[in-house]
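Participant: Next up is a structure, given as structure tokens.
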Amino acid sequence: MSAAHWRRAMNTAAPGVRVSVSKQTPASSTHAVPRSTHYTAAATYQASGWWSRLWAPVHLRHWLVMAAVLLYPLVASPFFTYQIGAQSLALGLIALSLTFLGGYGGMVSLSQMTVAGLSSYLIAIFGTSSLQTISLGWPWWLACVFAVLISVVFATAIGWLSVRTEGIHTIMITLAIGVAFFYLTQQNYVLFNGFQGFSKLGAPTIGEVDFTDPVAFYFLALGCALCGYWAIKYVVRAPFGLALQGIRDNPRRMNSLGFNVTAHRLAAHAFAGLLASVGGILLVWYNNRISPGSINTGALINILVIAVLGGMKHPIGAFIGSLTFVLLQNFAIDLVDRQRFNLVIGSVFLLIVFFSPDGLLGLWQKFRARWLISSATTAPGSRRS
Amino acid sequence: MSRGRLAFWWLLVLPLVLLALWGLWDDAILFLKTFLNGLTLASLYFIVASGFTLVFGLMRNVNLAHGSLFLVGAYVGWIIGDQTGSWLLAVLAGFIASAVLGVVIQVVVFRRMQGEDLRQTLVTIGLSIVLADLMLWYFGGEIYTFDPPAWIYGTMSLPIIEKFPTYRIIVLLIAIVIGFLLWGLLNGTRIGMMIRAGVDDRAMLSASGVNVQRIFALTFALGAGLAGLAGVVGGTALSISPGEDTRYLLASLVVVIVGGMGSVPGAAIGALLIGLAEQFGQAYAPTYSVVFTFVIMIIALAFRPRGVLGNAT
């Protein structure tokens with residue numbers, strides 16, 4: 001019963017990417033199976049050469065956003081570049097992993113921040129920190145490689161546990177795992193240094209560039225975020241991504257078509273774990289420290305808030321959500337007491353969930369649809385396609 | 001149960017029995033005290049989780065604001081207890097406050113979003129954030145404790161371990177009474193019959209002329225009220241402070257995951273396992289006590305994905 005409702009809820013989260021594919025190849029709409037859609041689309045692409053194929057999905061709005069984020073540090077103050085820009089990008093990358101899992105895989109996992117937190121901790125344990133007794137003092141790149149690798153393995157293990165369940169159970173199990181990890185880091189002093197955590201974990205100097213500088217760090221975060229964004233855009237159009245969306249919509253049918261449902265879900269968890277661990281490394285460099293407070297229940301839920309706030313229909317929602325969240329976090333003090341930030345963000349979250357389940361993106365789409373209908377009097381049903 | 005399965009369970013249980021024997025031989029007082037403390041904690045977890053599992057079983061509603069209901073009941077109970085000086089009134093007030101809030105949540109949130117699991121979860125998460133912050137605002141970050149009445153205060157003498165706080169035994173008794181009352185309600189009364197019918201087939205129950213919405217509201221009130229009652233009872237045994245809501249929410253989650261969603265006996269088994277594991281962990285391996293809880297959850301999930309007493313779907 002609940003699984004059916006779940007699937008229905010997730011059905012509406014059809015990403016825009018598939019839309020553009022079916023627009024280019026009207027014939028593919030006759031195929032029910034996503035895989036054949038992909039092949040038809042690929043055939044069309046091959047006919048038009050690799051250069052145009054590469055640029056086909058790039059629209060004017062992409063250029064505009066790209067120009068905006070590149071020029072942003074030139075006009076913004078270091079505070080806006082670092083506190084707002086870089087933090088939004090790092091948090092957005094972690095939220096992006098949840099958007100991928102939830103929006104395209106139908107698995108809402110609350111433990112993405114836990115994966116990110118583990119990679120932050122591993123950076124502290126393998127690299128250099130204030131604690132000479134625990135930190136191994138490896139060079140930064142080796143620490144990064146191992147942090148990402150171990151975090152991906154950890155994310156896959158979480159996935160292995162949670163893919164046995166569906167819908168609401170997934171949320172509960174990942175929440176339980178996340179909180180258990182939080183308590184472990186708080187109680188363990190041998191490896192995680194308990195309540196104190198680690199500090200002095202600033203970004204490294206690579207070659208001539210000191211990445212603790214706001215602008216340099218902003219571009220590092222931007223580079224990672226863009227890679228993550230394009231990776232998602234690519235993966236959801238690749239056979240794996242299409243199969244994953246098929247599994248989201250109807251696991252039983254995909255199973256009978258010969259797809260290994262569990263393996264696809266596990267791979268999705270591993271991929272999301274990769275994004276989250278990169279986000280975790282950025283976040284630890286941004287914060288300069290890691291402690292259990294960074295991965296407590298509130299932090300786990302913040303990632304969900306960010307993803308839902310922006311909207312899980314499209315990968316850009318994660319970044320819109322994180323920007324909104326960070327702006328609220330920094331400027332809610334002007335409206336209310338600093339202590340009451342949770343009240344503000346909780347209320348905004350409640351309002352969004354109550355009135356626009358697809359987040360700010362959904363709000364924008366609703367607005368656009370209404371505006372289009374009133375101006376061009378298009379058929380109401382056309383909004384969906 | 002086939003012979004292979006039986007052997008497997010023995011493989012799981014035998015090391016535990018051996019460990020228990022070693023614990024008894026090593027330090028009987030510590031072992032028995034930890035055991036009793038574990039039972040007390042399990043009782044608290046059972047009271048909180050039984051409400052959670054009842055609501056889930058009947059309505060398929062995952063109420064992630066359950067921990068907030070616990071804290072609301074505890075704080076309201078504290079105010080009433082402070083004003084009247086009566087602990088029993090505080091317990092009653094905690095029950096009623098959470099039950100009323102629970103009904104409001106049911107009517108305002110869940111009734112509007114019937115069947116939309118994800119949205120319900122998100123809304124209750126949002127609610128718990130807002131409620132937690134409102135309570136922090138009003139009550140501050142201090143730790144509140146209750147004064148139990150004199151007749152359950154102090155210690156009582158038991159064989160072997162000599163002294164044990166009377167109140168913890170009372171908590172255990174309260175949980176047992178609640179367990180039996182719930183069992184009696186579900187199996188012996190007309191309303192219980194309707195609730196059980198609703199768990200099995202909501203649509204059919206509605207078709208046979210029962211006002212399902214009223215049953216839903218009643219069950220929700222009962223489940224929420226149990227959380228509030230546990231707030232006062234647990235606040236007396238331990239204490240009340242911000243953050244307890246997530247702790248008990250997590251405990252309820254793990255208990256129902258281990259025990260099986262929607263099953264009250266399952267909640268009892270889950271609570272017993274988790275409560276004992278937590279206390280023994282804290283007594284014998286303080287650094288890793290949380291890991292034990294986690295390991296139990298993994299074992300339960302790996303072999304019984306729907307919980308020890310969970311049925312299919």
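The chains in the structure tokens are called A, B, ... from first to last as shown; in each chain the residues are counted from 1, and the ligands are counted from 1 in the order shown.
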Kindly provide, as a PyMOL selection string, the residues of chain A having any atom no farther than 6 Å from an atom of chain B, counting only C-alpha atoms.
Facilitator: chain A and resi 5+187-188+343+346+350
Participant: Quick one: pick out all strand (DSSP E) residues within range 103-297 of chain B from a backbone DSSP run and write them as a ChimeraX atom specification.
Facilitator: /B:155-158,162-165
Participant: May I have the residues from that selection written out with C-alpha atoms, as an mmCIF file, in the first residue's frame?
Facilitator:
data_model
loop_
_atom_site.group_PDB
_atom_site.id
_atom_site.type_symbol
_atom_site.label_atom_id
_atom_site.label_comp_id
_atom_site.auth_asym_id
_atom_site.auth_seq_id
_atom_site.Cartn_x
_atom_site.Cartn_y
_atom_site.Cartn_z
ATOM 1 C CA THR B 155 15.385 2.897 47.478
ATOM 2 C CA MET B 156 14.109 -0.574 48.108
ATOM 3 C CA SER B 157 16.064 -3.630 49.068
ATOM 4 C CA LEU B 158 16.187 -6.523 46.666
ATOM 5 C CA GLU B 162 20.596 -4.891 48.045
ATOM 6 C CA LYS B 163 19.574 -1.361 47.031
ATOM 7 C CA PHE B 164 17.722 -0.203 43.957
ATOM 8 C CA PRO B 165 15.700 3.002 43.341
#
Participant: When you count only C-alpha atoms, which of these residues is closest to Leu54 in chain B: B:Phe31, B:Tyr248, B:Tyr284, B:Trp183?
Facilitator: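 When distances to Leu54 in chain B are compared using only C-alpha atoms, the smallest one comes from B:Trp183.
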Participant: Excluding range 59-73 of chain A and residues on its chain fewer than 2 positions from it, collect all residues at most 10 Å away from it, counting only C-alpha atoms, and give them as a list in words.
Facilitator: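 The filter keeps Trp55, Ala56, Pro57, Val75, Ala76, Ser77, Pro78, Phe79, Phe80, Thr81, Tyr82, Gly85, Pro214, Val215, Ala216, Tyr218, Phe219, Leu222 and Leu226 of chain A.
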Participant: Deliver the residues from the most recent selection as a file, using N, CA and C atoms, as a PDB file, in the first residue's frame.
Facilitator:
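Below is the file that was written, part.pdb:
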ATOM      1  N   TRP A  55      26.701  20.058 -27.308  1.00  0.00           N
ATOM      2  CA  TRP A  55      26.125  21.354 -26.938  1.00  0.00           C
ATOM      3  C   TRP A  55      24.609  21.367 -27.020  1.00  0.00           C
ATOM      4  N   ALA A  56      24.020  20.272 -27.470  1.00  0.00           N
ATOM      5  CA  ALA A  56      22.560  20.249 -27.636  1.00  0.00           C
ATOM      6  C   ALA A  56      21.805  20.604 -26.355  1.00  0.00           C
ATOM      7  N   PRO A  57      22.199  20.062 -25.196  1.00  0.00           N
ATOM      8  CA  PRO A  57      21.393  20.377 -23.997  1.00  0.00           C
ATOM      9  C   PRO A  57      21.721  21.736 -23.387  1.00  0.00           C
ATOM     10  N   VAL A  75      32.364  40.928  -8.147  1.00  0.00           N
ATOM     11  CA  VAL A  75      31.545  42.033  -7.655  1.00  0.00           C
ATOM     12  C   VAL A  75      31.216  41.901  -6.174  1.00  0.00           C
ATOM     13  N   ALA A  76      31.296  40.651  -5.660  1.00  0.00           N
ATOM     14  CA  ALA A  76      30.873  40.452  -4.274  1.00  0.00           C
ATOM     15  C   ALA A  76      32.042  40.666  -3.312  1.00  0.00           C
ATOM     16  N   SER A  77      31.704  41.007  -2.070  1.00  0.00           N
ATOM     17  CA  SER A  77      32.722  41.159  -1.033  1.00  0.00           C
ATOM     18  C   SER A  77      33.210  39.776  -0.612  1.00  0.00           C
ATOM     19  N   PRO A  78      34.399  39.700   0.029  1.00  0.00           N
ATOM     20  CA  PRO A  78      34.885  38.386   0.471  1.00  0.00           C
ATOM     21  C   PRO A  78      33.866  37.640   1.334  1.00  0.00           C
ATOM     22  N   PHE A  79      33.124  38.389   2.157  1.00  0.00           N
ATOM     23  CA  PHE A  79      32.105  37.731   2.980  1.00  0.00           C
ATOM     24  C   PHE A  79      31.086  37.022   2.102  1.00  0.00           C
ATOM     25  N   PHE A  80      30.584  37.724   1.075  1.00  0.00           N
ATOM     26  CA  PHE A  80      29.574  37.120   0.210  1.00  0.00           C
ATOM     27  C   PHE A  80      30.162  35.990  -0.616  1.00  0.00           C
ATOM     28  N   THR A  81      31.425  36.150  -1.035  1.00  0.00           N
ATOM     29  CA  THR A  81      32.049  35.094  -1.829  1.00  0.00           C
ATOM     30  C   THR A  81      32.207  33.829  -0.999  1.00  0.00           C
ATOM     31  N   TYR A  82      32.677  34.006   0.242  1.00  0.00           N
ATOM     32  CA  TYR A  82      33.044  32.849   1.045  1.00  0.00           C
ATOM     33  C   TYR A  82      31.844  32.306   1.816  1.00  0.00           C
ATOM     34  N   GLY A  85      28.561  32.324  -0.978  1.00  0.00           N
ATOM     35  CA  GLY A  85      28.802  31.591  -2.217  1.00  0.00           C
ATOM     36  C   GLY A  85      29.361  30.202  -1.987  1.00  0.00           C
ATOM     37  N   PRO A 214      39.319  33.390   0.020  1.00  0.00           N
ATOM     38  CA  PRO A 214      37.905  33.262  -0.331  1.00  0.00           C
ATOM     39  C   PRO A 214      37.656  33.027  -1.810  1.00  0.00           C
ATOM     40  N   VAL A 215      38.289  33.817  -2.670  1.00  0.00           N
ATOM     41  CA  VAL A 215      37.993  33.700  -4.096  1.00  0.00           C
ATOM     42  C   VAL A 215      38.483  32.361  -4.633  1.00  0.00           C
ATOM     43  N   ALA A 216      39.693  31.960  -4.239  1.00  0.00           N
ATOM     44  CA  ALA A 216      40.226  30.683  -4.714  1.00  0.00           C
ATOM     45  C   ALA A 216      39.340  29.533  -4.247  1.00  0.00           C
ATOM     46  N   TYR A 218      36.223  29.715  -3.446  1.00  0.00           N
ATOM     47  CA  TYR A 218      34.938  29.799  -4.156  1.00  0.00           C
ATOM     48  C   TYR A 218      35.034  29.065  -5.482  1.00  0.00           C
ATOM     49  N   PHE A 219      36.132  29.303  -6.220  1.00  0.00           N
ATOM     50  CA  PHE A 219      36.246  28.661  -7.527  1.00  0.00           C
ATOM     51  C   PHE A 219      36.470  27.161  -7.395  1.00  0.00           C
ATOM     52  N   LEU A 222      33.068  25.908  -6.717  1.00  0.00           N
ATOM     53  CA  LEU A 222      32.283  26.026  -7.944  1.00  0.00           C
ATOM     54  C   LEU A 222      32.651  24.911  -8.917  1.00  0.00           C
ATOM     55  N   LEU A 226      29.999  22.242 -10.188  1.00  0.00           N
ATOM     56  CA  LEU A 226      29.679  22.103 -11.610  1.00  0.00           C
ATOM     57  C   LEU A 226      29.916  20.674 -12.073  1.00  0.00           C
TER      58      LEU A 226
END
Participant: Residues within 8 Å of Arg289 in chain A, please, as a short mmCIF file (atom, residue, chain, number, x, y, z; two decimals) with C-alpha atoms, in the first residue's frame. Count only C-alpha atoms; anything in the same chain fewer than 3 positions from it doesn't count.
Facilitator:
data_model
loop_
_atom_site.label_atom_id
_atom_site.label_comp_id
_atom_site.auth_asym_id
_atom_site.auth_seq_id
_atom_site.Cartn_x
_atom_site.Cartn_y
_atom_site.Cartn_z
CA GLY A 197 36.33 16.91 17.14
CA PHE A 198 39.18 18.32 15.07
CA SER A 199 40.16 21.84 14.11
CA LYS A 200 42.79 23.53 11.91
CA LEU A 201 41.61 21.76 8.82
CA GLY A 202 41.88 24.59 6.33
CA VAL A 284 35.43 20.69 6.30
CA TRP A 285 37.84 22.99 4.46
#
Participant: For Val344 in chain A, list every protein, DNA or RNA residue within 9 Å, evaluated using only C-alpha atoms, and leave out those in the same chain fewer than 5 positions away; present the list as a JSON list (two decimals) with C-alpha atoms, in the first residue's frame.
Facilitator:
[["chain", "number", "residue", "atom", "x", "y", "z"],
["A", 328, "LEU", "CA", 18.17, 32.74, 5.58],
["A", 329, "GLN", "CA", 20.81, 31.49, 8.00],
["A", 332, "ALA", "CA", 17.35, 35.82, 9.49],
["A", 336, "VAL", "CA", 14.40, 37.77, 14.39],
["A", 349, "PHE", "CA", 10.09, 24.51, 5.31],
["B", 130, "VAL", "CA", 9.42, 24.31, 14.95]]
Participant: Could you write out, as a PyMOL selection string, all the residues of range 223-314 of chain A that DSSP marks as alpha helix (DSSP H)?
Facilitator: chain A and resi 223-235+239-249+251-256+261-287+297-310
Participant: Please identify all polymer residues within 10 Å of Arg252 in chain A, counting only C-alpha atoms, omitting same-chain residues fewer than 6 positions from it, and present them as a tab-separated table (two decimals) with N, CA and C atoms, in the first residue's frame.
Facilitator:
chain	number	residue	atom	x	y	z
A	246	GLY	N	13.43	4.17	-14.16
A	246	GLY	CA	12.43	3.12	-14.36
A	246	GLY	C	12.16	2.37	-13.07
A	259	PHE	N	16.24	-6.23	-15.20
A	259	PHE	CA	17.17	-5.33	-14.53
A	259	PHE	C	17.35	-5.77	-13.09
A	261	VAL	N	17.34	-4.80	-9.75
A	261	VAL	CA	16.87	-3.61	-9.03
A	261	VAL	C	17.82	-3.25	-7.89
Participant: For range 216-229 of chain B, please output as a tab-separated table (two decimals) with N, CA and C atoms, in the first residue's frame all residues within 6 Å (counting only C-alpha atoms; exclusion window: fewer than 3 positions along the same chain).
Facilitator:
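Writing done, so here's out-v4.tsv:
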chain	number	residue	atom	x	y	z
B	48	VAL	N	6.95	4.86	24.82
B	48	VAL	CA	7.02	5.81	23.70
B	48	VAL	C	6.76	5.10	22.38
B	51	GLY	N	3.10	3.83	21.24
B	51	GLY	CA	2.24	4.84	20.61
B	51	GLY	C	2.62	5.04	19.16
B	55	VAL	N	0.15	4.10	15.86
B	55	VAL	CA	-0.23	5.07	14.84
B	55	VAL	C	0.21	4.58	13.46
B	69	LEU	N	6.17	15.29	20.73
B	69	LEU	CA	5.02	15.02	21.60
B	69	LEU	C	5.49	14.58	22.97
B	70	PHE	N	6.54	13.76	22.97
B	70	PHE	CA	7.14	13.32	24.24
B	70	PHE	C	7.56	14.52	25.08
B	73	GLY	N	4.60	16.77	26.31
B	73	GLY	CA	3.96	16.16	27.47
B	73	GLY	C	4.78	16.37	28.73
B	91	VAL	N	1.37	13.55	35.51
B	91	VAL	CA	1.32	12.46	34.53
B	91	VAL	C	0.08	12.60	33.66
B	94	GLY	N	0.41	15.52	31.29
B	94	GLY	CA	1.29	15.17	30.18
B	94	GLY	C	0.56	14.36	29.14
B	95	PHE	N	-0.21	13.37	29.61
B	95	PHE	CA	-0.98	12.52	28.69
B	95	PHE	C	-1.96	13.35	27.88
B	98	SER	N	-0.37	16.01	25.30
B	98	SER	CA	0.14	15.40	24.07
B	98	SER	C	-0.99	14.82	23.24
B	99	ALA	N	-2.01	14.24	23.92
B	99	ALA	CA	-3.12	13.66	23.18
B	99	ALA	C	-3.83	14.75	22.37
B	102	GLY	N	-1.71	15.79	19.57
B	102	GLY	CA	-1.72	14.71	18.58
B	102	GLY	C	-2.95	14.76	17.70
B	103	VAL	N	-4.12	14.99	18.31
B	103	VAL	CA	-5.36	15.06	17.53
B	103	VAL	C	-5.29	16.25	16.57
B	213	GLN	N	-12.51	7.89	10.41
B	213	GLN	CA	-11.79	9.10	10.84
B	213	GLN	C	-11.79	9.23	12.36
B	232	VAL	N	6.56	12.44	31.14
B	232	VAL	CA	6.58	12.71	32.58
B	232	VAL	C	7.25	11.56	33.33
Participant: From the list B:Ser263, B:Gln279, B:Asn63, B:Ser68, which residue is nearest Ser50 in chain B when using only C-alpha atoms?
Facilitator: B:Ser263
